[in-house]
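Below is the file structure-v8.txt, which contains compact mmCIF, C-alpha atoms.
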```txt
# COMPACT_ATOMS: atom_id res chain seq x y z
CA MET E 6 0.00 0.00 0.00
CA ASN E 7 1.53 3.35 -1.03
CA ILE E 8 1.70 6.41 1.21
CA THR E 9 -1.15 8.23 -0.59
CA THR E 10 -3.58 5.36 -0.03
CA LYS E 11 -2.59 5.11 3.63
CA ILE E 12 -3.12 8.85 4.14
CA LEU E 13 -6.54 8.72 2.42
CA ILE E 14 -7.66 5.82 4.64
CA TRP E 15 -6.52 7.49 7.85
CA MET E 16 -7.98 10.85 6.74
CA ALA E 17 -11.38 9.23 6.17
CA ALA E 18 -11.10 7.47 9.53
CA GLY E 19 -10.34 10.80 11.22
CA LEU E 20 -13.29 12.50 9.52
CA VAL E 21 -15.69 9.74 10.63
CA THR E 22 -14.25 9.57 14.17
CA GLY E 23 -14.43 13.34 14.64
CA SER E 24 -17.97 13.58 13.24
CA LEU E 25 -19.18 10.78 15.54
CA ILE E 26 -17.61 12.48 18.57
CA ASN E 27 -19.23 15.78 17.58
CA TYR E 28 -22.63 14.13 17.22
CA PHE E 29 -22.65 11.74 20.18
CA ALA E 30 -20.01 12.87 22.68
CA THR E 31 -19.99 16.69 22.73
CA ASP E 32 -20.79 16.67 26.46
CA ASN E 33 -18.61 13.69 27.36
CA SER E 34 -15.81 15.30 29.37
CA ILE E 35 -13.53 12.23 29.25
CA ILE E 36 -13.55 12.05 25.44
CA GLN E 37 -13.23 15.83 25.07
CA VAL E 38 -10.39 16.20 27.58
CA TYR E 39 -8.36 13.05 26.91
CA PHE E 40 -8.99 12.57 23.19
CA VAL E 41 -10.10 15.78 21.40
CA ASP E 42 -8.06 18.25 23.50
CA GLY E 43 -5.54 15.60 24.54
CA LEU E 44 -4.39 12.88 22.14
CA PHE E 45 -5.75 14.38 18.86
CA HIS E 46 -4.60 17.91 19.71
CA VAL E 47 -1.08 16.87 20.78
CA ALA E 48 -0.50 14.45 17.87
CA GLY E 49 -1.87 16.94 15.32
CA ALA E 50 0.13 19.86 16.72
CA ILE E 51 3.35 17.80 16.73
CA PHE E 52 2.75 16.79 13.11
CA ILE E 53 2.16 20.42 12.03
CA ASN E 54 5.29 21.49 13.92
CA LEU E 55 7.31 18.77 12.17
CA LEU E 56 6.21 20.12 8.79
CA LYS E 57 6.85 23.75 9.78
CA MET E 58 10.24 22.73 11.18
CA LEU E 59 11.29 21.65 7.68
CA VAL E 60 10.12 24.76 5.81
CA VAL E 61 12.86 27.32 6.54
CA PRO E 62 15.94 25.07 6.18
CA LEU E 63 14.50 23.27 3.16
CA VAL E 64 13.52 26.49 1.35
CA THR E 65 16.82 28.19 2.23
CA PHE E 66 19.18 25.44 1.05
CA SER E 67 16.97 24.35 -1.84
CA LEU E 68 16.79 27.95 -3.06
CA ILE E 69 20.59 28.35 -2.80
CA CYS E 70 20.99 25.15 -4.86
CA GLY E 71 18.35 26.37 -7.30
CA VAL E 72 19.84 29.81 -7.95
CA CYS E 73 23.38 28.44 -8.18
CA GLY E 74 22.08 25.63 -10.42
CA ILE E 75 20.55 28.18 -12.82
CA GLY E 76 23.85 30.04 -12.83
CA ASP E 77 22.39 32.75 -15.07
CA ILE E 78 20.87 35.89 -13.54
CA ASN E 79 18.90 36.60 -16.73
CA LYS E 80 17.26 33.16 -16.59
CA LEU E 81 16.43 33.67 -12.90
CA GLY E 82 14.67 36.94 -13.76
CA ARG E 83 12.86 35.27 -16.66
CA VAL E 84 11.62 32.43 -14.42
CA GLY E 85 10.44 34.94 -11.80
CA ILE E 86 8.52 37.09 -14.30
CA LYS E 87 6.84 34.07 -15.91
CA ALA E 88 5.79 32.66 -12.52
CA PHE E 89 4.53 36.03 -11.29
CA ALA E 90 2.44 36.59 -14.46
CA LEU E 91 0.95 33.09 -14.29
CA PHE E 92 0.05 33.49 -10.61
CA LEU E 93 -1.78 36.76 -11.40
CA LEU E 94 -3.55 35.14 -14.37
CA SER E 95 -4.74 32.14 -12.34
CA THR E 96 -5.97 34.41 -9.52
CA ALA E 97 -7.93 36.59 -11.99
CA LEU E 98 -9.48 33.48 -13.62
CA ALA E 99 -10.33 32.03 -10.20
CA ILE E 100 -12.28 35.03 -8.91
CA SER E 101 -13.97 35.61 -12.27
CA LEU E 102 -15.21 32.01 -12.25
CA ALA E 103 -16.35 32.40 -8.62
CA ILE E 104 -18.41 35.53 -9.33
CA LEU E 105 -19.90 34.05 -12.50
CA VAL E 106 -21.06 30.86 -10.76
CA ALA E 107 -22.23 32.65 -7.59
CA LYS E 108 -24.30 35.16 -9.59
CA ASN E 109 -26.10 32.32 -11.35
CA VAL E 110 -26.63 30.12 -8.28
CA ALA E 111 -27.40 33.15 -6.02
CA PRO E 112 -26.55 31.76 -2.55
CA GLY E 113 -27.99 33.80 0.34
CA LYS E 114 -31.23 34.88 -1.39
CA SER E 115 -33.39 33.10 1.20
CA PHE E 116 -30.97 33.36 4.13
CA ASN E 117 -32.45 34.24 7.53
CA LEU E 118 -30.40 36.94 9.26
CA ALA E 119 -31.94 35.93 12.59
CA GLU E 120 -29.61 32.92 12.62
CA GLY E 121 -27.09 34.80 14.70
CA LEU E 122 -25.24 37.81 13.36
CA PRO E 123 -23.04 39.48 16.01
CA ASP E 124 -23.39 43.22 16.58
CA THR E 125 -19.69 43.86 16.09
CA PHE E 126 -16.92 42.14 14.17
CA THR E 127 -13.27 43.15 14.36
CA VAL E 128 -11.16 42.67 11.26
CA PRO E 129 -7.33 42.76 11.41
CA GLU E 130 -6.02 46.08 10.11
CA ALA E 131 -4.09 45.92 6.84
CA PRO E 132 -0.67 47.59 6.83
CA PRO E 133 -0.10 50.41 4.32
CA ILE E 134 1.14 49.22 0.92
CA THR E 135 4.38 51.20 1.37
CA GLN E 136 5.16 49.20 4.52
CA VAL E 137 4.48 45.92 2.69
CA PHE E 138 7.16 46.77 0.10
CA ILE E 139 9.58 47.92 2.81
CA ASN E 140 9.03 44.63 4.65
CA LEU E 141 10.20 42.66 1.61
CA VAL E 142 13.78 43.47 2.65
CA PRO E 143 14.74 42.03 6.06
CA ASP E 144 16.53 44.35 8.47
CA ASN E 145 17.73 41.21 10.24
CA PRO E 146 17.93 38.04 8.10
CA VAL E 147 18.41 35.84 11.19
CA ASN E 148 15.16 37.21 12.61
CA ALA E 149 13.40 36.58 9.27
CA LEU E 150 14.62 32.96 9.34
CA ALA E 151 13.52 32.56 12.96
CA GLU E 152 10.03 33.95 12.28
CA GLY E 153 9.60 32.07 8.98
CA ASN E 154 8.87 35.25 6.98
CA MET E 155 8.88 33.65 3.53
CA LEU E 156 9.19 36.76 1.33
CA GLN E 157 12.12 38.08 3.39
CA ILE E 158 13.77 34.64 3.38
CA ILE E 159 13.38 34.37 -0.41
CA PHE E 160 14.84 37.88 -0.91
CA PHE E 161 17.88 37.30 1.31
CA THR E 162 18.57 33.76 0.05
CA ILE E 163 18.46 34.80 -3.62
CA LEU E 164 20.80 37.73 -2.89
CA PHE E 165 23.15 35.41 -0.95
CA ALA E 166 23.12 32.76 -3.72
CA ILE E 167 23.78 35.35 -6.46
CA SER E 168 26.74 36.63 -4.43
CA LEU E 169 28.04 33.07 -4.14
CA LEU E 170 28.00 32.82 -7.92
CA MET E 171 29.74 36.18 -8.27
CA ILE E 172 32.78 35.16 -6.19
CA GLY E 173 33.40 32.18 -8.50
CA GLU E 174 35.48 29.21 -7.36
CA ARG E 175 35.82 30.49 -3.79
CA GLY E 176 32.06 30.01 -3.37
CA ARG E 177 32.07 26.47 -4.75
CA PRO E 178 32.69 24.69 -1.39
CA LEU E 179 29.72 26.53 0.15
CA ILE E 180 27.49 25.60 -2.81
CA GLN E 181 28.50 21.93 -2.46
CA THR E 182 27.77 22.08 1.27
CA ALA E 183 24.31 23.55 0.56
CA GLU E 184 23.67 20.73 -1.93
CA ARG E 185 24.56 18.09 0.67
CA ILE E 186 22.40 19.73 3.34
CA ASN E 187 19.53 19.94 0.83
CA ASP E 188 19.84 16.18 0.21
CA VAL E 189 19.67 15.58 3.97
CA MET E 190 16.58 17.81 4.29
CA MET E 191 14.81 15.89 1.51
CA GLN E 192 15.49 12.69 3.45
CA VAL E 193 14.03 14.31 6.59
CA VAL E 194 10.91 15.03 4.51
CA ASN E 195 10.73 11.32 3.67
CA VAL E 196 10.95 10.40 7.37
CA VAL E 197 8.19 12.88 8.32
CA MET E 198 5.97 11.67 5.47
CA SER E 199 6.27 8.09 6.72
CA ILE E 200 4.32 9.06 9.88
CA ALA E 201 1.96 11.38 8.00
CA PRO E 202 -1.12 9.08 8.03
CA TYR E 203 -1.32 9.22 11.84
CA GLY E 204 -0.79 12.98 11.96
CA VAL E 205 -3.50 13.49 9.32
CA PHE E 206 -5.88 11.26 11.33
CA ALA E 207 -5.34 13.36 14.47
CA LEU E 208 -5.85 16.67 12.61
CA MET E 209 -9.05 15.49 10.90
CA ALA E 210 -10.47 13.91 14.07
CA LYS E 211 -9.93 17.09 16.10
CA THR E 212 -11.26 19.43 13.39
CA PHE E 213 -14.50 17.52 12.84
CA ALA E 214 -14.98 16.78 16.55
CA GLN E 215 -14.99 20.53 17.16
CA GLN E 216 -16.66 21.78 13.94
CA GLY E 217 -18.96 18.91 13.01
CA ILE E 218 -20.65 18.25 9.69
CA GLY E 219 -23.85 19.82 11.06
CA LEU E 220 -22.23 23.27 11.09
CA ILE E 221 -22.47 23.32 7.29
CA MET E 222 -26.26 22.92 7.12
CA PRO E 223 -27.38 26.56 7.73
CA MET E 224 -24.73 27.73 5.26
CA ILE E 225 -25.14 24.92 2.73
CA GLY E 226 -25.72 27.29 -0.21
CA TYR E 227 -22.59 29.34 0.40
CA PHE E 228 -20.49 26.31 1.38
CA GLY E 229 -21.62 24.29 -1.66
CA VAL E 230 -20.89 27.09 -4.15
CA VAL E 231 -17.40 27.76 -2.73
CA VAL E 232 -16.47 24.06 -2.76
CA GLY E 233 -17.97 23.62 -6.25
CA VAL E 234 -15.99 26.54 -7.70
CA LEU E 235 -12.80 25.41 -5.94
CA VAL E 236 -13.13 21.94 -7.47
CA CYS E 237 -13.96 23.41 -10.92
CA HIS E 238 -10.92 25.69 -10.77
CA ALA E 239 -8.56 22.90 -9.67
CA THR E 240 -9.81 20.29 -12.15
CA GLY E 241 -10.87 22.67 -14.95
CA THR E 242 -9.20 26.09 -15.21
CA LEU E 243 -5.79 25.03 -13.90
CA MET E 244 -5.78 21.83 -15.95
CA LEU E 245 -6.58 23.80 -19.12
CA LEU E 246 -3.64 26.11 -18.40
CA LEU E 247 -1.45 23.05 -17.82
CA LYS E 248 -2.61 21.41 -21.06
CA PHE E 249 -2.39 24.39 -23.39
CA LEU E 250 0.48 26.39 -21.89
CA GLY E 251 2.57 23.50 -20.59
CA LYS E 252 1.61 20.74 -23.06
CA ILE E 253 1.40 18.38 -20.05
CA SER E 254 -1.12 15.61 -19.31
CA PRO E 255 -3.54 16.82 -16.58
CA ALA E 256 -4.51 13.22 -15.66
CA LYS E 257 -0.92 12.20 -14.90
CA PHE E 258 -0.34 15.48 -13.06
CA MET E 259 -3.38 15.00 -10.80
CA ARG E 260 -2.41 11.43 -9.98
CA LYS E 261 1.03 12.55 -8.84
CA MET E 262 -0.31 15.58 -6.92
CA ARG E 263 -2.63 13.60 -4.64
CA THR E 264 -0.23 13.31 -1.71
CA ALA E 265 0.57 17.04 -1.66
CA GLN E 266 -3.14 17.89 -1.99
CA ILE E 267 -4.01 15.65 0.96
CA PHE E 268 -1.28 17.25 3.06
CA ALA E 269 -2.57 20.72 2.14
CA PHE E 270 -6.17 19.71 2.92
CA SER E 271 -5.32 18.29 6.35
CA THR E 272 -2.94 21.08 7.44
CA ALA E 273 -4.82 24.03 5.84
CA SER E 274 -1.42 25.71 5.41
CA SER E 275 0.40 26.29 2.11
CA ASN E 276 3.62 27.09 3.98
CA ALA E 277 3.49 23.90 6.06
CA THR E 278 2.96 21.93 2.83
CA ILE E 279 6.02 23.45 1.06
CA PRO E 280 8.31 20.46 1.86
CA VAL E 281 5.78 18.00 0.41
CA THR E 282 5.02 20.19 -2.64
CA LEU E 283 8.75 20.61 -3.35
CA ARG E 284 9.35 16.88 -3.07
CA THR E 285 6.37 16.14 -5.33
CA VAL E 286 7.31 18.49 -8.19
CA GLU E 287 10.99 17.52 -8.06
CA LYS E 288 10.98 13.78 -7.38
CA ARG E 289 7.56 12.74 -8.69
CA MET E 290 7.21 15.10 -11.66
CA GLY E 291 10.80 15.75 -12.71
CA VAL E 292 11.07 19.52 -12.32
CA ASP E 293 14.67 20.67 -11.94
CA ASN E 294 15.52 21.90 -8.43
CA SER E 295 16.69 25.24 -9.85
CA THR E 296 13.13 26.03 -10.99
CA ALA E 297 11.09 24.30 -8.26
CA ALA E 298 13.08 25.77 -5.37
CA PHE E 299 12.27 29.30 -6.53
CA ILE E 300 8.62 29.00 -7.66
CA VAL E 301 7.11 26.76 -4.95
CA PRO E 302 7.95 29.00 -1.91
CA PHE E 303 7.09 32.09 -3.99
CA GLY E 304 3.71 30.60 -4.93
CA ALA E 305 2.97 29.49 -1.35
CA THR E 306 3.34 33.15 -0.35
CA ILE E 307 1.53 35.07 -3.12
CA ASN E 308 -0.67 32.52 -4.93
CA MET E 309 -4.17 32.85 -3.47
CA ASP E 310 -6.54 31.25 -5.97
CA GLY E 311 -8.56 29.60 -3.20
CA THR E 312 -8.82 32.81 -1.18
CA ALA E 313 -9.85 34.75 -4.32
CA ILE E 314 -12.64 32.22 -4.98
CA MET E 315 -13.86 32.55 -1.40
CA GLN E 316 -13.89 36.36 -1.79
CA GLY E 317 -15.88 36.22 -5.02
CA VAL E 318 -18.56 33.90 -3.63
CA ALA E 319 -18.63 35.70 -0.26
CA THR E 320 -19.19 39.05 -1.98
CA VAL E 321 -22.19 37.73 -3.91
CA PHE E 322 -23.51 35.87 -0.84
CA ILE E 323 -23.36 38.88 1.53
CA ALA E 324 -24.82 41.17 -1.17
CA ASN E 325 -27.78 38.75 -1.50
CA VAL E 326 -28.21 38.43 2.28
CA TYR E 327 -28.41 42.21 2.74
CA GLY E 328 -30.27 42.84 -0.52
CA ILE E 329 -27.54 45.10 -1.92
CA GLU E 330 -27.05 45.34 -5.69
CA ILE E 331 -23.37 45.67 -6.61
CA GLY E 332 -23.51 45.86 -10.41
CA ILE E 333 -20.97 45.01 -13.11
CA VAL E 334 -18.57 47.84 -12.15
CA GLY E 335 -18.59 46.63 -8.55
CA TYR E 336 -17.74 43.07 -9.57
CA LEU E 337 -14.94 44.26 -11.85
CA THR E 338 -13.62 46.21 -8.86
CA VAL E 339 -13.74 43.02 -6.76
CA ILE E 340 -11.74 41.13 -9.41
CA GLY E 341 -9.12 43.87 -9.71
CA MET E 342 -8.76 44.31 -5.94
CA SER E 343 -8.43 40.58 -5.28
CA VAL E 344 -5.64 40.22 -7.85
CA LEU E 345 -3.73 43.23 -6.47
CA ALA E 346 -4.38 42.33 -2.84
CA SER E 347 -2.97 38.84 -3.39
CA ILE E 348 0.39 40.56 -3.97
CA GLY E 349 0.09 43.44 -1.52
CA THR E 350 -0.99 41.41 1.50
CA ALA E 351 1.30 38.43 0.90
CA GLY E 352 2.76 37.15 4.15
CA VAL E 353 0.42 39.25 6.35
CA PRO E 354 -1.25 37.27 9.19
CA GLY E 355 -5.02 36.90 8.77
CA VAL E 356 -4.61 37.69 5.08
CA GLY E 357 -7.96 36.16 4.02
CA LEU E 358 -9.96 38.35 6.40
CA ILE E 359 -7.97 41.48 5.56
CA MET E 360 -8.50 40.98 1.83
CA LEU E 361 -12.21 40.27 2.28
CA ALA E 362 -12.68 43.35 4.48
CA MET E 363 -10.88 45.50 1.90
CA VAL E 364 -13.15 44.19 -0.85
CA PHE E 365 -16.33 44.70 1.23
CA ASN E 366 -15.37 48.28 2.10
CA GLN E 367 -14.61 49.08 -1.53
CA VAL E 368 -17.99 47.88 -2.87
CA GLY E 369 -20.09 49.13 0.05
CA LEU E 370 -20.95 45.84 1.78
CA PRO E 371 -21.23 45.67 5.62
CA VAL E 372 -17.95 44.28 7.01
CA GLU E 373 -19.80 42.63 9.91
CA GLY E 374 -21.28 40.26 7.33
CA ILE E 375 -17.95 38.40 7.45
CA ALA E 376 -19.11 36.96 10.78
CA LEU E 377 -21.76 34.97 8.92
CA ILE E 378 -19.23 32.97 6.94
CA MET E 379 -16.58 32.51 9.66
CA GLY E 380 -18.27 29.43 11.11
CA VAL E 381 -17.56 27.29 8.05
CA ASP E 382 -14.35 29.04 7.07
CA ARG E 383 -12.06 26.53 8.79
CA LEU E 384 -13.51 23.66 6.71
CA LEU E 385 -13.37 25.73 3.52
CA ASP E 386 -9.80 26.76 4.33
CA MET E 387 -8.77 23.11 4.02
CA VAL E 388 -10.16 22.87 0.47
CA ARG E 389 -8.78 26.32 -0.44
CA THR E 390 -5.27 25.30 0.59
CA ALA E 391 -5.40 22.14 -1.54
CA VAL E 392 -6.38 24.30 -4.53
CA ASN E 393 -3.60 26.83 -3.79
CA VAL E 394 -0.99 24.06 -3.64
CA THR E 395 -2.30 22.62 -6.93
CA GLY E 396 -1.93 26.08 -8.50
CA ASP E 397 1.66 26.37 -7.21
CA ALA E 398 2.54 23.04 -8.84
CA VAL E 399 0.78 23.88 -12.13
CA VAL E 400 2.69 27.15 -12.52
CA THR E 401 5.94 25.39 -11.60
CA MET E 402 5.32 22.76 -14.30
CA ILE E 403 4.42 25.32 -16.99
CA VAL E 404 7.48 27.48 -16.30
CA ALA E 405 9.75 24.44 -16.07
CA ARG E 406 8.49 23.16 -19.44
CA SER E 407 9.07 26.56 -21.05
CA GLU E 408 12.63 26.66 -19.64
CA ASN E 409 13.45 23.04 -20.61
CA SER E 410 13.99 22.18 -16.95
CA LEU E 411 11.34 19.43 -16.81
CA SER E 412 12.24 15.76 -17.28
CA MET E 413 9.35 14.16 -19.18
CA ILE E 414 10.91 10.74 -18.55
CA VAL E 415 10.41 11.22 -14.81
CA PHE E 416 6.95 12.77 -15.31
CA ASN E 417 5.76 9.86 -17.47
CA ASP E 418 7.09 7.26 -15.02
CA PRO E 419 4.19 6.44 -12.63
CA SER E 420 6.55 5.06 -9.98
CA ALA E 421 9.07 7.92 -10.08
CA GLY E 422 9.74 9.40 -6.63
CA MET E 423 7.37 7.03 -4.85
CA LEU E 424 8.03 7.12 -1.12
CA GLU E 425 9.71 3.93 0.02
CA THR E 426 9.43 2.50 3.51
CA VAL E 427 11.85 4.32 5.78
CA HIS E 428 14.22 2.01 7.68
CA LEU E 429 16.68 3.27 10.26
CA PRO E 430 20.21 1.89 9.66
CA HIS E 431 21.44 -0.64 12.21
CA HIS E 432 24.50 -2.81 12.72
CA ASP E 433 24.55 -6.51 13.54
CA THR E 434 26.79 -6.57 16.61
CA ALA E 435 26.69 -10.39 16.77
CA GLN E 436 29.13 -10.62 13.84
CA LYS E 437 31.68 -8.32 15.39
```

Encoding of this model in structure tokens:
Amino acid sequence: MNITTKILIWMAAGLVTGSLINYFATDNSIIQVYFVDGLFHVAGAIFINLLKMLVVPLVTFSLICGVCGIGDINKLGRVGIKAFALFLLSTALAISLAILVAKNVAPGKSFNLAEGLPDTFTVPEAPPITQVFINLVPDNPVNALAEGNMLQIIFFTILFAISLLMIGERGRPLIQTAERINDVMMQVVNVVMSIAPYGVFALMAKTFAQQGIGLIMPMIGYFGVVVGVLVCHATGTLMLLLKFLGKISPAKFMRKMRTAQIFAFSTASSNATIPVTLRTVEKRMGVDNSTAAFIVPFGATINMDGTAIMQGVATVFIANVYGIEIGIVGYLTVIGMSVLASIGTAGVPGVGLIMLAMVFNQVGLPVEGIALIMGVDRLLDMVRTAVNVTGDAVVTMIVARSENSLSMIVFNDPSAGMLETVHLPHHDTAQK
């Protein structure tokens, strides 16, 4: 049984276990204390921390290897511009599809506001755009590494790697050291992935024990439209881009992406999934490290297709709930703001809420309406993250194909990069 099948089985088991606890044992203090807030919480938190632990060293050394592997500053700039343009294109297509579907389905038309709208709702304040650009450059790179600030880490690491190239042969030993450390980090990813099924079980069991399937019912219209558009974007829009721009088989791509998608779904964090996404596009799909190491962390930070879809549907939903007509100009404003905000608010905590509040203020919708959709947002966030990670991989594949840094032999091999059982080395002392 391969790792993907194991994770799927344990994920389903966690979903069922959590839903049963939510339905039958909400008031059972033993189950809540020792299992939901005890075993499931501890195991899930440890698993998330293991993934986050890998992100900074893996991105740093992989990016050094990638930039030094490219060896050409012009090519690095070309790869960056292509990736940036494709991320903007996919975000624009995502929110346009969301608004189009939501306008036709019209969720929220018959919604009853008496179902519990709080009087006040506090949204995190967005920093000024000037400060966002200033924050791209770390004043203390060690602090950026410690805090896991991805944009600052990417900026410093690229600058450091370019400088390594500029000093020529004297930088070669450091580059070789980075390559060896990168190999070690990829092996650490393999070790962590070998225990992934149990971590995924704990995360799913805790989430559904606390949230419950029943939470969806009052919001079924909104929830259904968001999930429907997310699935359409992942399996339709992105696959069309992959087929026509990358000349790559979507069916083979989706089969190889399953593990990364499951990780993204269970963790609801693009950053935490970076190690798995990197391993998938490099080992499973054959993208050269020089391209993957740059695009995947970049995409995890600025690619927000899933968030853009949520914004588009949420805008239509809240407008219907309050009986406010936005009009075509308003929806075009929403599309433009979502695309720009995906860049401007990259790396800002609570980015989804900030972007949604900005959009609501711009088109004249009540910001307190966000409270209506927050109940199901955690469950939707899981699906959104899986879509975001899929978008990161699609853009990586398209750019890699255009730069001739994609091995089609590896991509066409169904068993390439399959995770093997991890065995710790041991010595037979009896023969000594």

Can you sort out the box for segment 82-90 of chain E, edges along x, y and z, all listed atoms in, 8 Å on every side, with centre and edge lengths in Å to one decimal, as lines of an AutoDock Vina configuration file?
```
center_x = 8.6
center_y = 34.8
center_z = -14.0
size_x = 28.2
size_y = 20.7
size_z = 21.4
```

Near segment 198-215 of chain E, within 9 Å and counting all atoms listed in the file, which residues show up once chain neighbours fewer than 5 positions away are dropped, as a PyMOL selection string?
-> chain E and resi 8-9+11-28+30-31+37+40-42+44-53+193+267-268+271-272+281+383-384+424-427

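For the atom pair formed by atom CA of Gly374 of chain E and atom CA of Gly113 of chain E, the distance is 11.6 Å, given to one decimal.
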
Segment 374-397 of chain E near segment 241-255 of chain E within 12 Å: what's each residue's closest atom pair and its distance in Å to one decimal, counting all atoms listed in the file, ordered by chain then ascending residue number, as a tab-separated table?
```
residue	atom	partner	partner_atom	distance
E:Val392	CA	E:Leu243	CA	9.4
E:Asn393	CA	E:Leu243	CA	10.5
E:Val394	CA	E:Leu243	CA	11.4
E:Thr395	CA	E:Leu243	CA	8.2
E:Gly396	CA	E:Leu243	CA	6.7
E:Asp397	CA	E:Leu243	CA	10.1
```

Top pick for closest residue to Met259 of chain E, considering E:Asn145, E:Thr306, E:Thr285, E:Thr135 and counting only C-alpha atoms = E:Thr285
